[in-house]
Each structure stands twice: as C-alpha cells, then as structure tokens.
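> You'll find target_9.pdb just under this line, and it carries PDB, C-alpha atoms.
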ATOM      1  CA  MET S 873       0.000   0.000   0.000
ATOM      2  CA  THR S 874       1.319   3.439  -0.788
ATOM      3  CA  LYS S 875       2.039   5.784   2.092
ATOM      4  CA  GLU S 876      -0.588   8.203   0.785
ATOM      5  CA  ALA S 877      -3.263   5.497   0.658
ATOM      6  CA  HIS S 878      -2.254   4.209   4.084
ATOM      7  CA  GLU S 879      -2.612   7.650   5.667
ATOM      8  CA  ARG S 880      -6.181   8.072   4.417
ATOM      9  CA  SER S 881      -8.941   6.577   6.457
ATOM     10  CA  LEU S 882     -10.923   4.244   4.236
ATOM     11  CA  PRO S 883     -14.149   2.422   5.045
ATOM     12  CA  GLY S 884     -13.117  -1.076   6.071
ATOM     13  CA  GLN S 885      -9.458  -0.076   6.184
ATOM     14  CA  GLU S 886      -8.665  -2.632   8.883
ATOM     15  CA  LEU S 887     -10.130  -5.398   6.702
ATOM     16  CA  VAL S 888      -8.052  -4.254   3.734
ATOM     17  CA  GLU S 889      -4.878  -4.076   5.812
ATOM     18  CA  GLN S 890      -5.440  -7.584   7.187
ATOM     19  CA  GLY S 891      -6.191  -8.891   3.689
ATOM     20  CA  LEU S 892      -3.010  -7.331   2.301
ATOM     21  CA  ALA S 893      -0.971  -8.821   5.140
ATOM     22  CA  ASP S 894      -2.485 -12.243   4.488
ATOM     23  CA  LEU S 895      -1.745 -11.979   0.757
ATOM     24  CA  ALA S 896       1.841 -10.921   1.470
ATOM     25  CA  GLN S 897       2.241 -14.105   3.521
ATOM     26  CA  GLY S 898       0.614 -16.231   0.820
ATOM     27  CA  ARG S 899      -2.486 -16.967   2.913
ATOM     28  CA  ILE S 900      -5.933 -17.164   1.374
ATOM     29  CA  THR S 901      -8.326 -15.978   4.076
ATOM     30  CA  GLU S 902     -11.686 -14.269   4.161
ATOM     31  CA  PHE S 903      -9.798 -10.963   4.412
ATOM     32  CA  SER S 904      -7.492 -11.657   1.474
ATOM     33  CA  LEU S 905     -10.446 -12.776  -0.637
ATOM     34  CA  LEU S 906     -12.261  -9.529   0.164
ATOM     35  CA  VAL S 907      -9.206  -7.579  -0.988
ATOM     36  CA  LEU S 908      -8.945  -9.594  -4.192
ATOM     37  CA  ILE S 909     -12.648  -9.052  -4.910
ATOM     38  CA  ALA S 910     -12.237  -5.303  -4.345
ATOM     39  CA  ALA S 911      -8.890  -5.194  -6.211
ATOM     40  CA  PRO S 912     -10.097  -3.176  -9.233
ATOM     41  CA  ARG S 913     -11.398  -0.390  -7.006
ATOM     42  CA  LEU S 914      -8.426  -0.534  -4.658
ATOM     43  CA  ARG S 915      -6.032  -0.317  -7.596
ATOM     44  CA  ARG S 916      -7.813   2.856  -8.711
ATOM     45  CA  LEU S 917      -6.826   4.225  -5.289
ATOM     46  CA  ARG S 918      -3.223   3.378  -6.262
ATOM     47  CA  MET S 919      -2.988   0.419  -3.914
ATOM     48  CA  ASP S 920      -0.703  -2.416  -4.993
ATOM     49  CA  ILE S 921      -2.883  -5.541  -5.045
ATOM     50  CA  PRO S 922      -1.350  -8.795  -6.336
ATOM     51  CA  ASP S 923      -3.190 -10.999  -8.823
ATOM     52  CA  ARG S 924      -4.064 -14.504  -7.653
ATOM     53  CA  PRO S 925      -5.631 -16.971 -10.093
ATOM     54  CA  PHE S 926      -8.565 -19.034  -8.843
ATOM     55  CA  PRO S 927     -10.436 -21.859 -10.563
ATOM     56  CA  ARG S 928     -13.804 -20.249  -9.793
ATOM     57  CA  PRO S 929     -15.008 -16.702  -9.112
ATOM     58  CA  LEU S 930     -13.511 -15.178  -5.970
ATOM     59  CA  GLU S 931     -16.971 -14.466  -4.587
ATOM     60  CA  HIS S 932     -17.846 -18.164  -4.751
ATOM     61  CA  HIS S 933     -14.635 -19.049  -2.933
ATOM     62  CA  LEU S 934     -15.414 -16.491  -0.209
ATOM     63  CA  TYR S 935     -19.009 -17.694   0.194
ATOM     64  CA  ALA S 936     -17.820 -21.302   0.469
ATOM     65  CA  ARG S 937     -15.399 -20.314   3.246
ATOM     66  CA  LEU S 938     -18.081 -18.354   5.085
ATOM     67  CA  GLU S 939     -20.511 -21.251   4.777
ATOM     68  CA  GLU S 940     -17.896 -23.624   6.235
ATOM     69  CA  ARG S 941     -17.575 -21.351   9.257
ATOM     70  CA  LEU S 942     -21.166 -20.077   9.623
ATOM     71  CA  GLY S 943     -23.304 -22.699   7.944
ATOM     72  CA  THR S 944     -26.166 -21.567   5.753
ATOM     73  CA  ALA S 945     -26.402 -18.304   7.731
ATOM     74  CA  ALA S 946     -23.393 -17.139   5.686
ATOM     75  CA  HIS S 947     -25.700 -16.102   2.842
TER
END
Please render this file's structure as structure tokens.

Amino acid sequence: MTKEAHERSLPGQELVEQGLADLAQGRITEFSLLVLIAAPRLRRLRMDIPDRPFPRPLEHHLYARLEERLGTAAH
C-alpha cells in the first residue's frame, strides 16, 4: 500500500490491511479474498494488489469459506 493510501482513512481499512498482510504471507483468508474481490477499485486508489488466479469466481470461494464457518447463515 502506498504511504498516501495508508494515511487516508478508508471504510473497512482494517479489513483491507489484514487482507493485504495475508496476501503478502501467501495466505488465502476471508480478508485476502475480500481484498482480491475489491482489487479493481483498490487499484484505482493506487494500492498495490497482487493478482491470484482461482479456478472459480472469488466471490464463490469467499461464500464457500463463510458457509464452512457459519453454515447456511453465511448467505
């Protein structure tokens, strides 16, 4: 993340920061998936978001993870 972007207060900033940290460590978590889903918008804010290929849409991967943790209440 650029210093300028980091200094701004963004909605959900703590989620983005956790997702970026997870991606930097190669972890695919709910946070990192949120960042990857929001990547086009975050890149427009000049944030450096890595690309990660997935065999299915990122949203489906996130929903599957949430359903594992929360059951059908995830949706």
> When you draw a straight line from atom CA of Leu942 of chain S to atom CA of Pro922 of chain S, how long is it in Å?
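That distance, rounded to one decimal, is 27.8 Å.
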> Taking the file above as input, evaluate the PyMOL selection byres ((chain S and resi 894) around 12) and report the hits as a list in words.
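Here the PyMOL selection byres ((chain S and resi 894) around 12) matches Leu887, Val888, Glu889, Gln890, Gly891, Leu892, Ala893, Leu895, Ala896, Gln897, Gly898, Arg899, Ile900, Thr901, Glu902, Phe903, Ser904, Leu905, Leu906, Val907, Leu908, Ile921 and Pro922 of chain S.
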> Suppose you want the space between atom CA of Arg916 of chain S and atom CA of Leu882 of chain S; what is it in Å?
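Value for the atom CA of Arg916 of chain S-atom CA of Leu882 of chain S distance: 13.4 Å.
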> Edge lengths and centre, in Å to one decimal, as lines of an AutoDock Vina configuration file: that's what I need for the box along x, y and z that holds all listed atoms of segment 930-938 of chain S plus 3 Å on each side.

center_x = -16.3
center_y = -17.9
center_z = -0.4
size_x = 11.5
size_y = 12.8
size_z = 17.1
> Using atom CA of His933 of chain S and atom CA of Ala945 of chain S as the two end points, give the distance in Å to one decimal.
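Rounded to one decimal, the two atoms are 15.9 Å apart.
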> Using all atoms listed in the file for the distances, tell me which of S:Ala911, S:Glu939, S:Thr944, S:Gly884 is nearest to Asp923 of chain S.
S:Ala911
> Regenerate segment 930-941 of chain S at the level of all heavy atoms and dump it as a PDB file, keeping the file's coordinate frame.

ATOM      1  N   LEU S 930     -13.943 -15.459  -7.344  1.00  0.00           N
ATOM      2  CA  LEU S 930     -13.511 -15.178  -5.970  1.00  0.00           C
ATOM      3  C   LEU S 930     -14.688 -15.137  -5.005  1.00  0.00           C
ATOM      4  O   LEU S 930     -14.586 -15.608  -3.870  1.00  0.00           O
ATOM      5  CB  LEU S 930     -12.748 -13.850  -5.920  1.00  0.00           C
ATOM      6  CG  LEU S 930     -11.404 -13.851  -6.610  1.00  0.00           C
ATOM      7  CD1 LEU S 930     -10.919 -12.418  -6.816  1.00  0.00           C
ATOM      8  CD2 LEU S 930     -10.396 -14.640  -5.794  1.00  0.00           C
ATOM      9  N   GLU S 931     -15.794 -14.555  -5.456  1.00  0.00           N
ATOM     10  CA  GLU S 931     -16.971 -14.466  -4.587  1.00  0.00           C
ATOM     11  C   GLU S 931     -17.455 -15.849  -4.172  1.00  0.00           C
ATOM     12  O   GLU S 931     -17.824 -16.051  -3.008  1.00  0.00           O
ATOM     13  CB  GLU S 931     -18.101 -13.707  -5.299  1.00  0.00           C
ATOM     14  CG  GLU S 931     -17.812 -12.240  -5.534  1.00  0.00           C
ATOM     15  CD  GLU S 931     -17.003 -11.969  -6.806  1.00  0.00           C
ATOM     16  OE1 GLU S 931     -16.564 -12.922  -7.483  1.00  0.00           O
ATOM     17  OE2 GLU S 931     -16.817 -10.788  -7.107  1.00  0.00           O
ATOM     18  N   HIS S 932     -17.418 -16.797  -5.080  1.00  0.00           N
ATOM     19  CA  HIS S 932     -17.846 -18.164  -4.751  1.00  0.00           C
ATOM     20  C   HIS S 932     -16.908 -18.791  -3.729  1.00  0.00           C
ATOM     21  O   HIS S 932     -17.352 -19.502  -2.813  1.00  0.00           O
ATOM     22  CB  HIS S 932     -17.902 -19.030  -6.006  1.00  0.00           C
ATOM     23  CG  HIS S 932     -18.939 -18.597  -6.983  1.00  0.00           C
ATOM     24  ND1 HIS S 932     -19.259 -19.327  -8.096  1.00  0.00           N
ATOM     25  CD2 HIS S 932     -19.741 -17.506  -7.025  1.00  0.00           C
ATOM     26  CE1 HIS S 932     -20.204 -18.703  -8.779  1.00  0.00           C
ATOM     27  NE2 HIS S 932     -20.509 -17.598  -8.144  1.00  0.00           N
ATOM     28  N   HIS S 933     -15.625 -18.528  -3.883  1.00  0.00           N
ATOM     29  CA  HIS S 933     -14.635 -19.049  -2.933  1.00  0.00           C
ATOM     30  C   HIS S 933     -14.882 -18.455  -1.540  1.00  0.00           C
ATOM     31  O   HIS S 933     -14.857 -19.167  -0.535  1.00  0.00           O
ATOM     32  CB  HIS S 933     -13.233 -18.715  -3.437  1.00  0.00           C
ATOM     33  CG  HIS S 933     -12.156 -19.514  -2.801  1.00  0.00           C
ATOM     34  ND1 HIS S 933     -11.917 -20.835  -3.120  1.00  0.00           N
ATOM     35  CD2 HIS S 933     -11.249 -19.183  -1.858  1.00  0.00           C
ATOM     36  CE1 HIS S 933     -10.906 -21.273  -2.399  1.00  0.00           C
ATOM     37  NE2 HIS S 933     -10.488 -20.295  -1.624  1.00  0.00           N
ATOM     38  N   LEU S 934     -15.144 -17.149  -1.492  1.00  0.00           N
ATOM     39  CA  LEU S 934     -15.414 -16.491  -0.209  1.00  0.00           C
ATOM     40  C   LEU S 934     -16.688 -17.050   0.420  1.00  0.00           C
ATOM     41  O   LEU S 934     -16.711 -17.375   1.610  1.00  0.00           O
ATOM     42  CB  LEU S 934     -15.532 -14.982  -0.391  1.00  0.00           C
ATOM     43  CG  LEU S 934     -15.934 -14.189   0.851  1.00  0.00           C
ATOM     44  CD1 LEU S 934     -14.923 -14.360   1.978  1.00  0.00           C
ATOM     45  CD2 LEU S 934     -16.120 -12.719   0.510  1.00  0.00           C
ATOM     46  N   TYR S 935     -17.755 -17.174  -0.352  1.00  0.00           N
ATOM     47  CA  TYR S 935     -19.009 -17.694   0.194  1.00  0.00           C
ATOM     48  C   TYR S 935     -18.843 -19.122   0.717  1.00  0.00           C
ATOM     49  O   TYR S 935     -19.409 -19.476   1.754  1.00  0.00           O
ATOM     50  CB  TYR S 935     -20.132 -17.645  -0.840  1.00  0.00           C
ATOM     51  CG  TYR S 935     -20.528 -16.251  -1.245  1.00  0.00           C
ATOM     52  CD1 TYR S 935     -20.923 -15.982  -2.550  1.00  0.00           C
ATOM     53  CD2 TYR S 935     -20.511 -15.194  -0.349  1.00  0.00           C
ATOM     54  CE1 TYR S 935     -21.293 -14.697  -2.936  1.00  0.00           C
ATOM     55  CE2 TYR S 935     -20.873 -13.909  -0.726  1.00  0.00           C
ATOM     56  CZ  TYR S 935     -21.255 -13.673  -2.023  1.00  0.00           C
ATOM     57  OH  TYR S 935     -21.624 -12.405  -2.407  1.00  0.00           O
ATOM     58  N   ALA S 936     -18.065 -19.929   0.011  1.00  0.00           N
ATOM     59  CA  ALA S 936     -17.820 -21.302   0.469  1.00  0.00           C
ATOM     60  C   ALA S 936     -17.103 -21.288   1.809  1.00  0.00           C
ATOM     61  O   ALA S 936     -17.442 -22.063   2.709  1.00  0.00           O
ATOM     62  CB  ALA S 936     -17.014 -22.071  -0.571  1.00  0.00           C
ATOM     63  N   ARG S 937     -16.111 -20.412   1.966  1.00  0.00           N
ATOM     64  CA  ARG S 937     -15.399 -20.314   3.246  1.00  0.00           C
ATOM     65  C   ARG S 937     -16.326 -19.845   4.368  1.00  0.00           C
ATOM     66  O   ARG S 937     -16.278 -20.357   5.478  1.00  0.00           O
ATOM     67  CB  ARG S 937     -14.210 -19.369   3.138  1.00  0.00           C
ATOM     68  CG  ARG S 937     -13.060 -19.980   2.414  1.00  0.00           C
ATOM     69  CD  ARG S 937     -11.899 -19.002   2.398  1.00  0.00           C
ATOM     70  NE  ARG S 937     -10.734 -19.738   2.022  1.00  0.00           N
ATOM     71  CZ  ARG S 937      -9.753 -20.061   2.853  1.00  0.00           C
ATOM     72  NH1 ARG S 937      -9.791 -19.673   4.102  1.00  0.00           N
ATOM     73  NH2 ARG S 937      -8.723 -20.754   2.437  1.00  0.00           N
ATOM     74  N   LEU S 938     -17.149 -18.845   4.070  1.00  0.00           N
ATOM     75  CA  LEU S 938     -18.081 -18.354   5.085  1.00  0.00           C
ATOM     76  C   LEU S 938     -19.089 -19.428   5.466  1.00  0.00           C
ATOM     77  O   LEU S 938     -19.429 -19.577   6.644  1.00  0.00           O
ATOM     78  CB  LEU S 938     -18.801 -17.104   4.574  1.00  0.00           C
ATOM     79  CG  LEU S 938     -17.949 -15.855   4.426  1.00  0.00           C
ATOM     80  CD1 LEU S 938     -18.721 -14.758   3.711  1.00  0.00           C
ATOM     81  CD2 LEU S 938     -17.452 -15.376   5.778  1.00  0.00           C
ATOM     82  N   GLU S 939     -19.551 -20.183   4.487  1.00  0.00           N
ATOM     83  CA  GLU S 939     -20.511 -21.251   4.777  1.00  0.00           C
ATOM     84  C   GLU S 939     -19.875 -22.348   5.632  1.00  0.00           C
ATOM     85  O   GLU S 939     -20.529 -22.904   6.518  1.00  0.00           O
ATOM     86  CB  GLU S 939     -21.066 -21.838   3.490  1.00  0.00           C
ATOM     87  CG  GLU S 939     -22.224 -22.781   3.740  1.00  0.00           C
ATOM     88  CD  GLU S 939     -22.953 -23.176   2.475  1.00  0.00           C
ATOM     89  OE1 GLU S 939     -22.666 -22.633   1.407  1.00  0.00           O
ATOM     90  OE2 GLU S 939     -23.815 -24.056   2.565  1.00  0.00           O
ATOM     91  N   GLU S 940     -18.599 -22.642   5.398  1.00  0.00           N
ATOM     92  CA  GLU S 940     -17.896 -23.624   6.235  1.00  0.00           C
ATOM     93  C   GLU S 940     -17.893 -23.180   7.689  1.00  0.00           C
ATOM     94  O   GLU S 940     -18.061 -23.983   8.590  1.00  0.00           O
ATOM     95  CB  GLU S 940     -16.439 -23.777   5.771  1.00  0.00           C
ATOM     96  CG  GLU S 940     -16.270 -24.557   4.502  1.00  0.00           C
ATOM     97  CD  GLU S 940     -14.823 -24.543   4.029  1.00  0.00           C
ATOM     98  OE1 GLU S 940     -13.924 -24.100   4.779  1.00  0.00           O
ATOM     99  OE2 GLU S 940     -14.585 -24.973   2.885  1.00  0.00           O
ATOM    100  N   ARG S 941     -17.691 -21.880   7.898  1.00  0.00           N
ATOM    101  CA  ARG S 941     -17.575 -21.351   9.257  1.00  0.00           C
ATOM    102  C   ARG S 941     -18.937 -21.052   9.880  1.00  0.00           C
ATOM    103  O   ARG S 941     -19.155 -21.290  11.082  1.00  0.00           O
ATOM    104  CB  ARG S 941     -16.732 -20.072   9.244  1.00  0.00           C
ATOM    105  CG  ARG S 941     -16.427 -19.536  10.622  1.00  0.00           C
ATOM    106  CD  ARG S 941     -15.330 -18.500  10.619  1.00  0.00           C
ATOM    107  NE  ARG S 941     -15.572 -17.351   9.784  1.00  0.00           N
ATOM    108  CZ  ARG S 941     -16.261 -16.266  10.161  1.00  0.00           C
ATOM    109  NH1 ARG S 941     -16.788 -16.195  11.358  1.00  0.00           N
ATOM    110  NH2 ARG S 941     -16.398 -15.255   9.336  1.00  0.00           N
TER     111      ARG S 941
END
